[in-house]
Amino acid sequence: MAQRAIREADGKRMMARLLKEYSNGKHTVADRYITVSPETDLKKLPGKHKWLSRTKLVVKPDQLIKRRGKSKLLLLNAEWKEAERWIQERRGKPITVGSVTGVLDHFIVEPFIPHAPEDEYYVAITSARKGDNILFYHQGGINVGDVDAKAEKWLVQVGRMPTAQEIEKNLLGKVPKARKALVAGFIEALFRFYADLNFTYLEINPIAIVGKEVVPLDLAAKLDDTAEFQSGAKWGGIDFPSPFGRTLTKEEAYIEELDSKTGASLKLTVLNPRGRVWTMVAGGGASVIFADTITDLGFMSEMANYGEYSGDPNEEFTYLYARTMLDLMTRERVQGGKVLLIGGGIANFTDVANTFKGIIRALKEYRSQLIENEVKIFVRRGGPNYKEGLRQMRELGETLGVPIEVYGPETHMTKIVPMAMNALKGGK
Amino acid sequence: MPRRSTKKGTQKAKPDYVLFDRETQAFIYNLQVNATQRMLDFDFVSGRGTPSVAAIVNPTGNDSFQKFFYGPREVLLPVYKTLKNAAKRHPNVDVMINFASFRSAAASTLEAFELQQIRTVVIIAEGVPERKMRELIAKAKELGKVIIGPATVGGVRAGAFKIGNTGGTIENIMESNLHRPGSVGFVSKSGGLSNEAYNIIARSTDGLYEGIAIGGDRYPGSTLLEHLLRYEANPDVKMMVALGEVGGVDEYSIVEALEGGRLTKPLVVWTTGTCTKAFKTEVQFGHAGAKADADAETADAKNAALKKAGAHVPTSFDDYGNTIARVYKGLVKKGIIAPAPEPVAPKVPMDYAAAVKGKVIRKPTNFICTISNDSGEELLYGPMMISDVVKKDIGIGGVISLLWFKKLLPPYATKFIEMCLVITADHGPAVSGAHNTIVATRAGKDLISSIVSGMLTIGPRFGGAVDGAAQMFSEAYDSGRTPAQFVNDMKAKGVNIQGIGHMVKSVHNPDMRVTLIAGYAKKHFKRTPLLDYAFEVEKLTTSKKDNLILNVDGCIGICFADLLRNEFTKEEADEYIKMGALNALFVLGRSIGLVGHHLDQKRLKQGLYRHPWDDIAYMLDK
């Protein structure tokens with residue numbers, strides 16, 4: 001539902017497949033990019049890709065890690081044997097980059113391209129409301145520095161396609177004369193590739209000039225995943241990996257799958273499975289405000305999840321969503337109990353009674369676990385049929401054995417947050 | 001309400017800052033019945049003279065009309081297949097509310113842009129590709145059009161015009177005072193939160209003047225600032241309220257406008273998403289654009305910048321309402337806002353469906369049914385769910401017992417029913433039912449007509465003996481007459497005994513079907529008094545003539561009467577026979593054969609049947 005990052009190897013393979021077409025045959029990128037996933041049998045690779053044994057190689061993790069060179073996550077100029085060992089030593093192991101820890105599970109293997117530092121250039125295309133910015137700098141590589149400040153930048157207005165002449169004039173002032181046409185032609189094709197495939201971000205740092213060829217060495221990109229119906233065939237069978245360190249838990253993957261099956265929206269991110277504050281909030285906007293308020297009140301570290309359901313999901317989907325949440329929140333008892341915020345604004349068209357029916361079904365099912373975990377529930381909601389929905393919740397509160405406080409539109413939306421936080425403090 | 005089509009454009013020149021007023025009419029693109037009805041309900045409580053929807057464009061349908069309520073009355077709205085045609089008929093319409101899907105929203109929006117009369121297009125769909133959206137934005141700018149959305153519920157000008165589902169139910173609209181104008185201009189990204197904000201504004205001020213939800217996408221068709229600038233220019237808007245969001249840099253254009261003096265009216269604004277600092281990794285929120293790619297895009301940075309530029313920024317969302325109330329009270333004190341008296345709004349009658357759901361209405365029914373129910377989760381045959389009917393393998397005999405006799409008869413009985421169906425299924429092509437079916441089929445008639453034409457011959461002379469025998473023998477037996485008395489009475493009356501006699505079969509050449517049925521009844525029925533009585537009668541009749549045997553129709557009828565008397569009271573059993581239950585058994589069984597004959601003739605491609613002249617005795621009067 002938005003801009004989503006893709007793997008480097010996928011981006012490069014798209015270039016290998018399509019750049020020739022977008023440059024009228026002038027620029028080609030050799031398809032020598034291998035993705036090593038947890039399932040890849042390393043022993044079989046040299047048989048499948050003869051060039052692995054004939055060329056020196058580069059190996060990098062390929063899972064949206066920034067500044068891999070600086071984190072020493074880069075193997076250069078290696079024989080296959082060496083590359084294989086390097087991957088084996090790292091595959092499936094957790095590492096920490098900056099403040100984030102994750103498991104290394106995807107790598108890109110590609111030919112090592114010998115070149116001089118002065119053959120490296122920085123190029124990027126980014127999207128903005130008025131058009132697409134092309135950023136170019138006559139040096140590239142890991143030490144390029146603050147490109148926002150020093151790169152040449154040219155905004156190509158929406159609907160326009162830049163010509164090589166314009167690119168040369170606007171961006172390539174510091175490129176040696178003999179190379180200008182080559183680089184301009186490459187960027188011209190790259191832009192068409194970018195636009196036609198619905199990229200929203202593409203950074204190649206660096207491109208290297210090797211003889212008459214322009215080779216992408218390090219690539220990061222994002223696609224607009226809503227454009228899949230237009231460009232999906234050109235993307236090929238790609239996946240959108242989670243940010244590094246954010247492998248989806250089984251439950252998150254399940255909710256993502258549910259989400260894809262309904263026109264409504266169901267989202268779940270587990271932030272801290274041992275947290276004491278759980279939220280089940282309706283609405284993309286309201287869910288953020290609930291998380292904000294919890295943070296503002298200083299309960300950041302206790303926030304167990306972010307999630308939302310909206311767009312009038314039916315009773316069954318709401319039930320499945322609620323059940324997953326309740327299962328997660330009652331797995332481990334915590335001293336002082338937990339709170340569950342069933343929140344939401346005043347719905348425009350979601351039937352509150354209907355969605356609550358699904359939630360109530362799940363609450364009844366998890367009755368004993370909720371009691372055992374000393375869960376207190378706070379409800380605030382408005383919208384179509386809200387009176388009936390709230391009535392059913394109140395009724396449930398009388399029989400469930402779990403305290404449920406219920407509020408409607410007459411109470412400010414986030415008032416239940418401080419109430420819940422007080423309940424937690426009281427429980428300490 | 002007559003269909004409104006104006007020959008001449010009646011568009012009055014509106015100031016640029018006014019997108020909607022009490023005369024504004026819109027097209028709804030795609031058949032959105034609920035959203036349209038909600039707009040008309042709003043129109044009614046707002047006291048608009050004309051509905052805010054002039055017509056619906058339904059590209060997958062044909063030109064037609066659709067009924068809606070306008071208060072307690074019903075009105076007709078025209079539905080057009082093409083936008084072009086709708087525009088020609090309704091030249092006063094300048095708004096299109098586009099409910100097309102994310103795949104086709106861009107194309108239909110461009111189509112609307114081609115019409116000079118359309119000034120504002122609202123795109124509801126979520127998931128319009130960003131690149132397409134930017135092209136639409138550029139095009140709109142070039143043509144001087146306004147886009148609201150995508151990924152939005154729309155917006156509302158209180159007491160004048162409401163987009164689609166904005167504001168939710170009519171109760172909420174009234175509670176949030178959206179049916180009459182106040183002094184506050186509101187804009188946000190989120191549609192859901194805008195509704196929450198209308199509620200907050202209604203509780204803290206004299207009410208909303210206009211509210212717009214620009215949508216949660218990265219490139220909304222119109223921006224927060226563009227709407228704030230409209231409010232700034234509009235003398236009826238006295239204060240402004242906005243709700244921003246983490247991600248993007250839209251809010252900084254508000255900062256610049258505040259600093260540059262282009263926004264001077266009091267502005268209360270809060271940017272949501274202050275929680276992102278608590279997350280270690282990137283979390284994609286519900287809205288596509290809600291993701292901070294840079295420090296400046298965080299909610300904290302935006303709130304601080306807005307505050308510095310002079311906006312009223314609460315300390316948290318909890319404090320949002322209080323801040324709005326404080327600013328409002330200041331304006332009242334200064335005399336800038338003078339709260340108007342509350343108008344009396346007409347009441348929208350409750351929808352029948354909602355009233356039923358809420359258990360506040362009842363009405364007598366015109367029909368009653370006690371054998372099956374399709375209105376619940378699963379179809380019921382009597383007390384049994386259809387899945388149990390199949391799982392428990394009760395057979396067609398069991399189904400008949402449920403649907404005809406309202407209870408599941410024991411297996412011996414349901415098997416007997418099936419046996420009767422098997423035996424009565426066909427009796428060759430020569431009998432009148434099959435014959436008529438064949439003739440009708442050969443005349444080129446369809447299945448139903450052919451079957452019915454055969455069916456219609458079933459009566460007192462053909463197939464009717466099943467019923468007749470059961471009735472006649474029950475009566476005789478119940479009256480206490482001996483078989484001999486019964487035979488003599490009938491002879492005296494000159495009436496044939498129903499169920500007695502066969503064309504070819506006789507005592508020495510018995511009908512196997514009768515042997516089977518009677519044998520089954522004797523073996524499995526608890527009691528068979530009527531059958532026993534019938535055999536006594538047969539003894540007497542066959543002594544007179546060899547072929548006056550109990551025939552198959554009679555045997556089925558009499559056994560079935562015994563069966564009913566075993567399973568029901570005598571009165572109930574007689575009632576079933578009177579209602580035609582036995583005849584039904586023959587009709588149902590024989591329909592199998594009739595279908596067979598119809599299919600057979602079709603398969604054999606038989607032409608029109610014409611009876612040969614030499615088989616008709618022409619004997620006209622001289």
# chains A, B, ... in the order shown; residues from 1 in each chain; ligands from 1

call {"tool": "select_by_dssp", "arguments": {"residues": "range 183-338 of chain A", "states": "strand (DSSP E)", "output": "MDAnalysis selection string"}}
result
chainID A and resid 199:210 213:216 219:224 265:270 277:279 305:310 338

call {"tool": "write_last_selection", "arguments": {"atoms": "N, CA, C and O atoms", "output": "short mmCIF file (atom, residue, chain, number, x, y, z; two decimals), in the first residue's frame"}}
result
data_model
loop_
_atom_site.label_atom_id
_atom_site.label_comp_id
_atom_site.auth_asym_id
_atom_site.auth_seq_id
_atom_site.Cartn_x
_atom_site.Cartn_y
_atom_site.Cartn_z
N PHE A 199 9.06 3.02 -10.18
CA PHE A 199 9.96 3.19 -9.05
C PHE A 199 9.59 4.49 -8.34
O PHE A 199 9.03 5.42 -8.94
N THR A 200 9.90 4.57 -7.06
CA THR A 200 9.74 5.85 -6.36
C THR A 200 11.09 6.31 -5.82
O THR A 200 11.21 7.42 -5.32
N TYR A 201 12.09 5.43 -5.92
CA TYR A 201 13.42 5.76 -5.41
C TYR A 201 14.39 4.80 -6.05
O TYR A 201 14.12 3.60 -6.13
N LEU A 202 15.51 5.33 -6.55
CA LEU A 202 16.53 4.45 -7.15
C LEU A 202 17.88 5.13 -6.98
O LEU A 202 18.09 6.23 -7.49
N GLU A 203 18.75 4.50 -6.23
CA GLU A 203 20.07 5.08 -6.00
C GLU A 203 21.13 4.06 -6.42
O GLU A 203 21.08 2.91 -5.98
N ILE A 204 22.02 4.49 -7.34
CA ILE A 204 23.11 3.60 -7.71
C ILE A 204 24.41 4.32 -7.32
O ILE A 204 24.75 5.35 -7.90
N ASN A 205 25.04 3.77 -6.32
CA ASN A 205 26.26 4.40 -5.82
C ASN A 205 27.31 3.35 -5.55
O ASN A 205 27.29 2.69 -4.52
N PRO A 206 28.24 3.19 -6.47
CA PRO A 206 28.39 3.99 -7.68
C PRO A 206 27.97 3.23 -8.93
O PRO A 206 27.76 2.04 -8.88
N ILE A 207 27.89 4.01 -10.05
CA ILE A 207 27.99 3.36 -11.34
C ILE A 207 29.48 3.45 -11.69
O ILE A 207 30.16 4.40 -11.28
N ALA A 208 29.97 2.45 -12.41
CA ALA A 208 31.39 2.48 -12.80
C ALA A 208 31.47 2.43 -14.32
O ALA A 208 30.67 1.75 -14.96
N ILE A 209 32.40 3.22 -14.86
CA ILE A 209 32.59 3.17 -16.31
C ILE A 209 33.74 2.19 -16.58
O ILE A 209 34.86 2.38 -16.09
N VAL A 210 33.41 1.13 -17.30
CA VAL A 210 34.42 0.13 -17.63
C VAL A 210 34.45 0.04 -19.15
O VAL A 210 33.52 -0.52 -19.74
N GLU A 213 31.24 0.54 -21.22
CA GLU A 213 30.04 0.10 -20.50
C GLU A 213 29.85 0.83 -19.18
O GLU A 213 30.81 1.18 -18.52
N VAL A 214 28.57 1.01 -18.81
CA VAL A 214 28.25 1.57 -17.50
C VAL A 214 27.71 0.41 -16.65
O VAL A 214 26.76 -0.26 -17.04
N VAL A 215 28.35 0.18 -15.51
CA VAL A 215 27.97 -0.97 -14.67
C VAL A 215 27.44 -0.48 -13.33
O VAL A 215 28.11 0.30 -12.65
N PRO A 216 26.23 -0.92 -12.94
CA PRO A 216 25.72 -0.55 -11.61
C PRO A 216 26.42 -1.41 -10.55
O PRO A 216 26.38 -2.63 -10.63
N LEU A 219 23.20 -0.87 -5.54
CA LEU A 219 21.89 -0.32 -5.89
C LEU A 219 20.91 -0.46 -4.74
O LEU A 219 20.88 -1.48 -4.05
N ALA A 220 20.12 0.59 -4.51
CA ALA A 220 19.02 0.53 -3.55
C ALA A 220 17.80 1.13 -4.22
O ALA A 220 17.93 2.13 -4.93
N ALA A 221 16.63 0.51 -4.03
CA ALA A 221 15.46 1.01 -4.77
C ALA A 221 14.18 0.74 -4.03
O ALA A 221 14.09 -0.16 -3.19
N LYS A 222 13.18 1.55 -4.36
CA LYS A 222 11.82 1.33 -3.85
C LYS A 222 10.84 1.38 -5.01
O LYS A 222 11.01 2.17 -5.94
N LEU A 223 9.83 0.53 -4.92
CA LEU A 223 8.76 0.54 -5.92
C LEU A 223 7.47 0.99 -5.25
O LEU A 223 7.30 0.85 -4.05
N ASP A 224 6.56 1.52 -6.08
CA ASP A 224 5.21 1.84 -5.59
C ASP A 224 4.37 0.57 -5.75
O ASP A 224 3.98 0.23 -6.87
N SER A 265 -8.94 -3.30 5.79
CA SER A 265 -7.52 -3.23 6.12
C SER A 265 -7.27 -3.84 7.50
O SER A 265 -7.97 -3.53 8.46
N LEU A 266 -6.30 -4.75 7.58
CA LEU A 266 -5.91 -5.36 8.86
C LEU A 266 -4.40 -5.29 8.96
O LEU A 266 -3.70 -5.79 8.09
N LYS A 267 -3.89 -4.63 10.02
CA LYS A 267 -2.45 -4.49 10.16
C LYS A 267 -2.02 -4.88 11.57
O LYS A 267 -2.75 -4.62 12.53
N LEU A 268 -0.86 -5.51 11.66
CA LEU A 268 -0.33 -5.85 12.98
C LEU A 268 1.18 -5.85 12.96
O LEU A 268 1.80 -6.47 12.11
N THR A 269 1.76 -5.12 13.90
CA THR A 269 3.20 -5.16 14.12
C THR A 269 3.42 -5.41 15.61
O THR A 269 2.89 -4.65 16.43
N VAL A 270 4.13 -6.46 15.94
CA VAL A 270 4.42 -6.70 17.35
C VAL A 270 5.71 -5.95 17.68
O VAL A 270 6.74 -6.13 17.04
N VAL A 277 0.93 -3.12 27.39
CA VAL A 277 -0.14 -2.31 26.78
C VAL A 277 -0.40 -2.83 25.36
O VAL A 277 0.46 -2.74 24.49
N TRP A 278 -1.59 -3.38 25.16
CA TRP A 278 -1.96 -3.92 23.85
C TRP A 278 -3.10 -3.09 23.27
O TRP A 278 -3.98 -2.67 24.01
N THR A 279 -3.03 -2.84 21.98
CA THR A 279 -4.08 -2.02 21.37
C THR A 279 -4.72 -2.77 20.22
O THR A 279 -4.05 -3.47 19.48
N ASN A 305 2.27 -3.58 20.81
CA ASN A 305 2.01 -3.72 19.37
C ASN A 305 1.51 -2.42 18.76
O ASN A 305 1.07 -1.51 19.45
N TYR A 306 1.63 -2.37 17.42
CA TYR A 306 0.88 -1.39 16.66
C TYR A 306 -0.02 -2.18 15.72
O TYR A 306 0.41 -3.19 15.14
N GLY A 307 -1.25 -1.74 15.55
CA GLY A 307 -2.13 -2.43 14.62
C GLY A 307 -3.37 -1.62 14.36
O GLY A 307 -3.62 -0.63 15.05
N GLU A 308 -4.08 -1.99 13.34
CA GLU A 308 -5.35 -1.32 13.07
C GLU A 308 -6.22 -2.22 12.22
O GLU A 308 -5.74 -3.07 11.47
N TYR A 309 -7.53 -2.05 12.39
CA TYR A 309 -8.47 -2.68 11.45
C TYR A 309 -9.41 -1.59 10.99
O TYR A 309 -9.81 -0.73 11.78
N SER A 310 -9.74 -1.56 9.69
CA SER A 310 -10.61 -0.51 9.17
C SER A 310 -11.22 -0.94 7.85
O SER A 310 -10.91 -1.99 7.32
N LYS A 338 -2.09 -6.79 32.48
CA LYS A 338 -1.97 -6.09 31.21
C LYS A 338 -3.25 -5.32 30.92
O LYS A 338 -4.28 -5.56 31.56
#

call {"tool": "atom_distance", "arguments": {"atom1": "CA of Leu447 in chain B", "atom2": "CA of Val390 in chain B"}}
result
27.9 Å

call {"tool": "residues_around", "arguments": {"residues": "range 333-335 of chain A", "least_positions_apart": "4", "cutoff": "8 Å", "atoms": "only C-alpha atoms", "output": "ChimeraX atom specification"}}
result
/A:274,276,372-373,428

call {"tool": "residues_around", "arguments": {"residues": "Gly383 in chain A", "least_positions_apart": "3", "cutoff": "7 Å", "atoms": "only C-alpha atoms", "output": "ChimeraX atom specification"}}
result
/A:346-348,352,386 /B:168-169

call {"tool": "residues_around", "arguments": {"residues": "Gly389 in chain A", "least_positions_apart": "2", "cutoff": "7 Å", "atoms": "only C-alpha atoms", "output": "PyMOL selection string"}}
result
chain A and resi 352-353+356+385-387+391-393

call {"tool": "write_last_selection", "arguments": {"atoms": "N, CA, C and O atoms", "output": "compact mmCIF listing (two decimals), in the first residue's frame"}}
result
# COMPACT_ATOMS: atom_id res chain seq x y z
N VAL A 352 -20.16 -0.78 13.69
CA VAL A 352 -19.48 -1.04 14.97
C VAL A 352 -20.00 -2.32 15.63
O VAL A 352 -19.23 -3.14 16.10
N ALA A 353 -21.31 -2.50 15.62
CA ALA A 353 -21.89 -3.68 16.28
C ALA A 353 -21.37 -4.96 15.63
O ALA A 353 -21.04 -5.93 16.29
N PHE A 356 -17.67 -5.51 16.45
CA PHE A 356 -17.57 -5.87 17.87
C PHE A 356 -18.03 -7.31 18.10
O PHE A 356 -17.52 -7.99 18.98
N ASN A 385 -24.29 2.15 14.26
CA ASN A 385 -24.67 1.06 15.16
C ASN A 385 -23.80 0.97 16.42
O ASN A 385 -23.69 -0.10 17.02
N TYR A 386 -23.20 2.11 16.81
CA TYR A 386 -22.26 2.02 17.93
C TYR A 386 -22.97 1.74 19.25
O TYR A 386 -22.42 1.08 20.13
N LYS A 387 -24.23 2.23 19.37
CA LYS A 387 -24.93 2.04 20.65
C LYS A 387 -25.11 0.55 20.93
O LYS A 387 -24.90 0.08 22.05
N ARG A 391 -23.36 -1.59 23.87
CA ARG A 391 -24.25 -2.31 24.78
C ARG A 391 -23.78 -3.76 24.93
O ARG A 391 -23.69 -4.30 26.04
N GLN A 392 -23.43 -4.37 23.80
CA GLN A 392 -22.98 -5.76 23.85
C GLN A 392 -21.67 -5.89 24.63
O GLN A 392 -21.47 -6.86 25.36
N MET A 393 -20.80 -4.91 24.47
CA MET A 393 -19.54 -4.93 25.21
C MET A 393 -19.79 -4.81 26.72
O MET A 393 -19.17 -5.51 27.52

call {"tool": "interface_residues", "arguments": {"of": "chain A", "to": "chain B", "cutoff": "6 Å", "atoms": "only C-alpha atoms", "output": "list in words"}}
result
Met1, Ala2, Thr226, Ala227, Gly284, Gly285, Val288, Ile289, Ala291, Asp292, Thr295, Met300, Gly345, Ile346, Ala347, Asn348, Phe349 and Pro384 of chain A

call {"tool": "write_last_selection", "arguments": {"atoms": "N, CA and C atoms", "output": "mmCIF file, in the first residue's frame"}}
result
data_model
loop_
_atom_site.group_PDB
_atom_site.id
_atom_site.type_symbol
_atom_site.label_atom_id
_atom_site.label_comp_id
_atom_site.auth_asym_id
_atom_site.auth_seq_id
_atom_site.Cartn_x
_atom_site.Cartn_y
_atom_site.Cartn_z
ATOM 1 N N MET A 1 0.817 -1.193 0.000
ATOM 2 C CA MET A 1 0.000 0.000 0.000
ATOM 3 C C MET A 1 0.861 1.257 0.000
ATOM 4 N N ALA A 2 2.084 1.135 -0.455
ATOM 5 C CA ALA A 2 2.919 2.329 -0.381
ATOM 6 C C ALA A 2 4.226 2.069 -1.103
ATOM 7 N N THR A 226 1.413 -0.135 -5.212
ATOM 8 C CA THR A 226 0.042 -0.021 -5.720
ATOM 9 C C THR A 226 0.012 -0.126 -7.243
ATOM 10 N N ALA A 227 1.181 0.046 -7.872
ATOM 11 C CA ALA A 227 1.222 0.014 -9.340
ATOM 12 C C ALA A 227 1.414 -1.395 -9.868
ATOM 13 N N GLY A 284 -6.853 3.796 10.404
ATOM 14 C CA GLY A 284 -5.446 4.086 10.158
ATOM 15 C C GLY A 284 -4.978 5.315 10.921
ATOM 16 N N GLY A 285 -5.833 6.316 11.017
ATOM 17 C CA GLY A 285 -5.446 7.540 11.707
ATOM 18 C C GLY A 285 -5.526 7.390 13.216
ATOM 19 N N VAL A 288 -2.742 5.458 15.093
ATOM 20 C CA VAL A 288 -1.498 6.197 15.320
ATOM 21 C C VAL A 288 -1.648 7.090 16.555
ATOM 22 N N ILE A 289 -2.811 7.714 16.678
ATOM 23 C CA ILE A 289 -3.029 8.618 17.811
ATOM 24 C C ILE A 289 -3.012 7.854 19.141
ATOM 25 N N ALA A 291 -1.280 5.159 19.725
ATOM 26 C CA ALA A 291 0.139 4.868 19.977
ATOM 27 C C ALA A 291 0.855 6.132 20.468
ATOM 28 N N ASP A 292 0.508 7.279 19.837
ATOM 29 C CA ASP A 292 1.079 8.565 20.268
ATOM 30 C C ASP A 292 0.806 8.815 21.740
ATOM 31 N N THR A 295 2.708 6.764 24.087
ATOM 32 C CA THR A 295 4.080 7.269 24.128
ATOM 33 C C THR A 295 4.156 8.550 24.955
ATOM 34 N N MET A 300 5.963 4.107 26.473
ATOM 35 C CA MET A 300 6.626 3.662 25.271
ATOM 36 C C MET A 300 7.147 2.231 25.370
ATOM 37 N N GLY A 345 -12.114 5.913 16.586
ATOM 38 C CA GLY A 345 -12.845 7.163 16.460
ATOM 39 C C GLY A 345 -14.297 6.883 16.130
ATOM 40 N N ILE A 346 -14.950 7.873 15.516
ATOM 41 C CA ILE A 346 -16.337 7.706 15.094
ATOM 42 C C ILE A 346 -16.299 7.260 13.639
ATOM 43 N N ALA A 347 -16.680 6.026 13.412
ATOM 44 C CA ALA A 347 -16.552 5.455 12.066
ATOM 45 C C ALA A 347 -17.472 6.157 11.081
ATOM 46 N N ASN A 348 -17.032 6.232 9.838
ATOM 47 C CA ASN A 348 -17.889 6.767 8.784
ATOM 48 C C ASN A 348 -18.885 5.712 8.315
ATOM 49 N N PHE A 349 -18.378 4.521 7.996
ATOM 50 C CA PHE A 349 -19.290 3.491 7.489
ATOM 51 C C PHE A 349 -19.053 2.090 8.051
ATOM 52 N N PRO A 384 -21.632 4.024 12.935
ATOM 53 C CA PRO A 384 -22.873 3.311 12.670
ATOM 54 C C PRO A 384 -23.090 2.163 13.659
#

call {"tool": "residues_around", "arguments": {"residues": "Glu259 in chain B", "least_positions_apart": "5", "cutoff": "9 Å", "atoms": "only C-alpha atoms", "output": "list in words"}}
result
Ile254, Ala309 and Gly310 of chain B

call {"tool": "closest_residue", "arguments": {"among": "B:Lys363, B:Lys238, B:Lys88, B:Lys407", "to": "Val332 in chain B", "atoms": "only C-alpha atoms"}}
result
B:Lys238

call {"tool": "atom_distance", "arguments": {"atom1": "CA of Tyr22 in chain A", "atom2": "CA of Ala189 in chain A"}}
result
5.1 Å

call {"tool": "residues_around", "arguments": {"residues": "Ile377 in chain A", "least_positions_apart": "6", "cutoff": "12 Å", "atoms": "only C-alpha atoms", "output": "PyMOL selection string"}}
result
chain A and resi 276-280+326+337-343+360+363+370-371+393-394+396-397+400-407+416-417+419-421+423-424

call {"tool": "select_by_dssp", "arguments": {"residues": "range 372-521 of chain B", "states": "alpha helix (DSSP H)", "output": "PyMOL selection string"}}
result
chain B and resi 386-391+395-405+411-424+432-442+447-455+465-478+483-493+512-521

call {"tool": "atom_distance", "arguments": {"atom1": "CA of Trp270 in chain B", "atom2": "CA of Asn303 in chain B"}}
result
6.4 Å
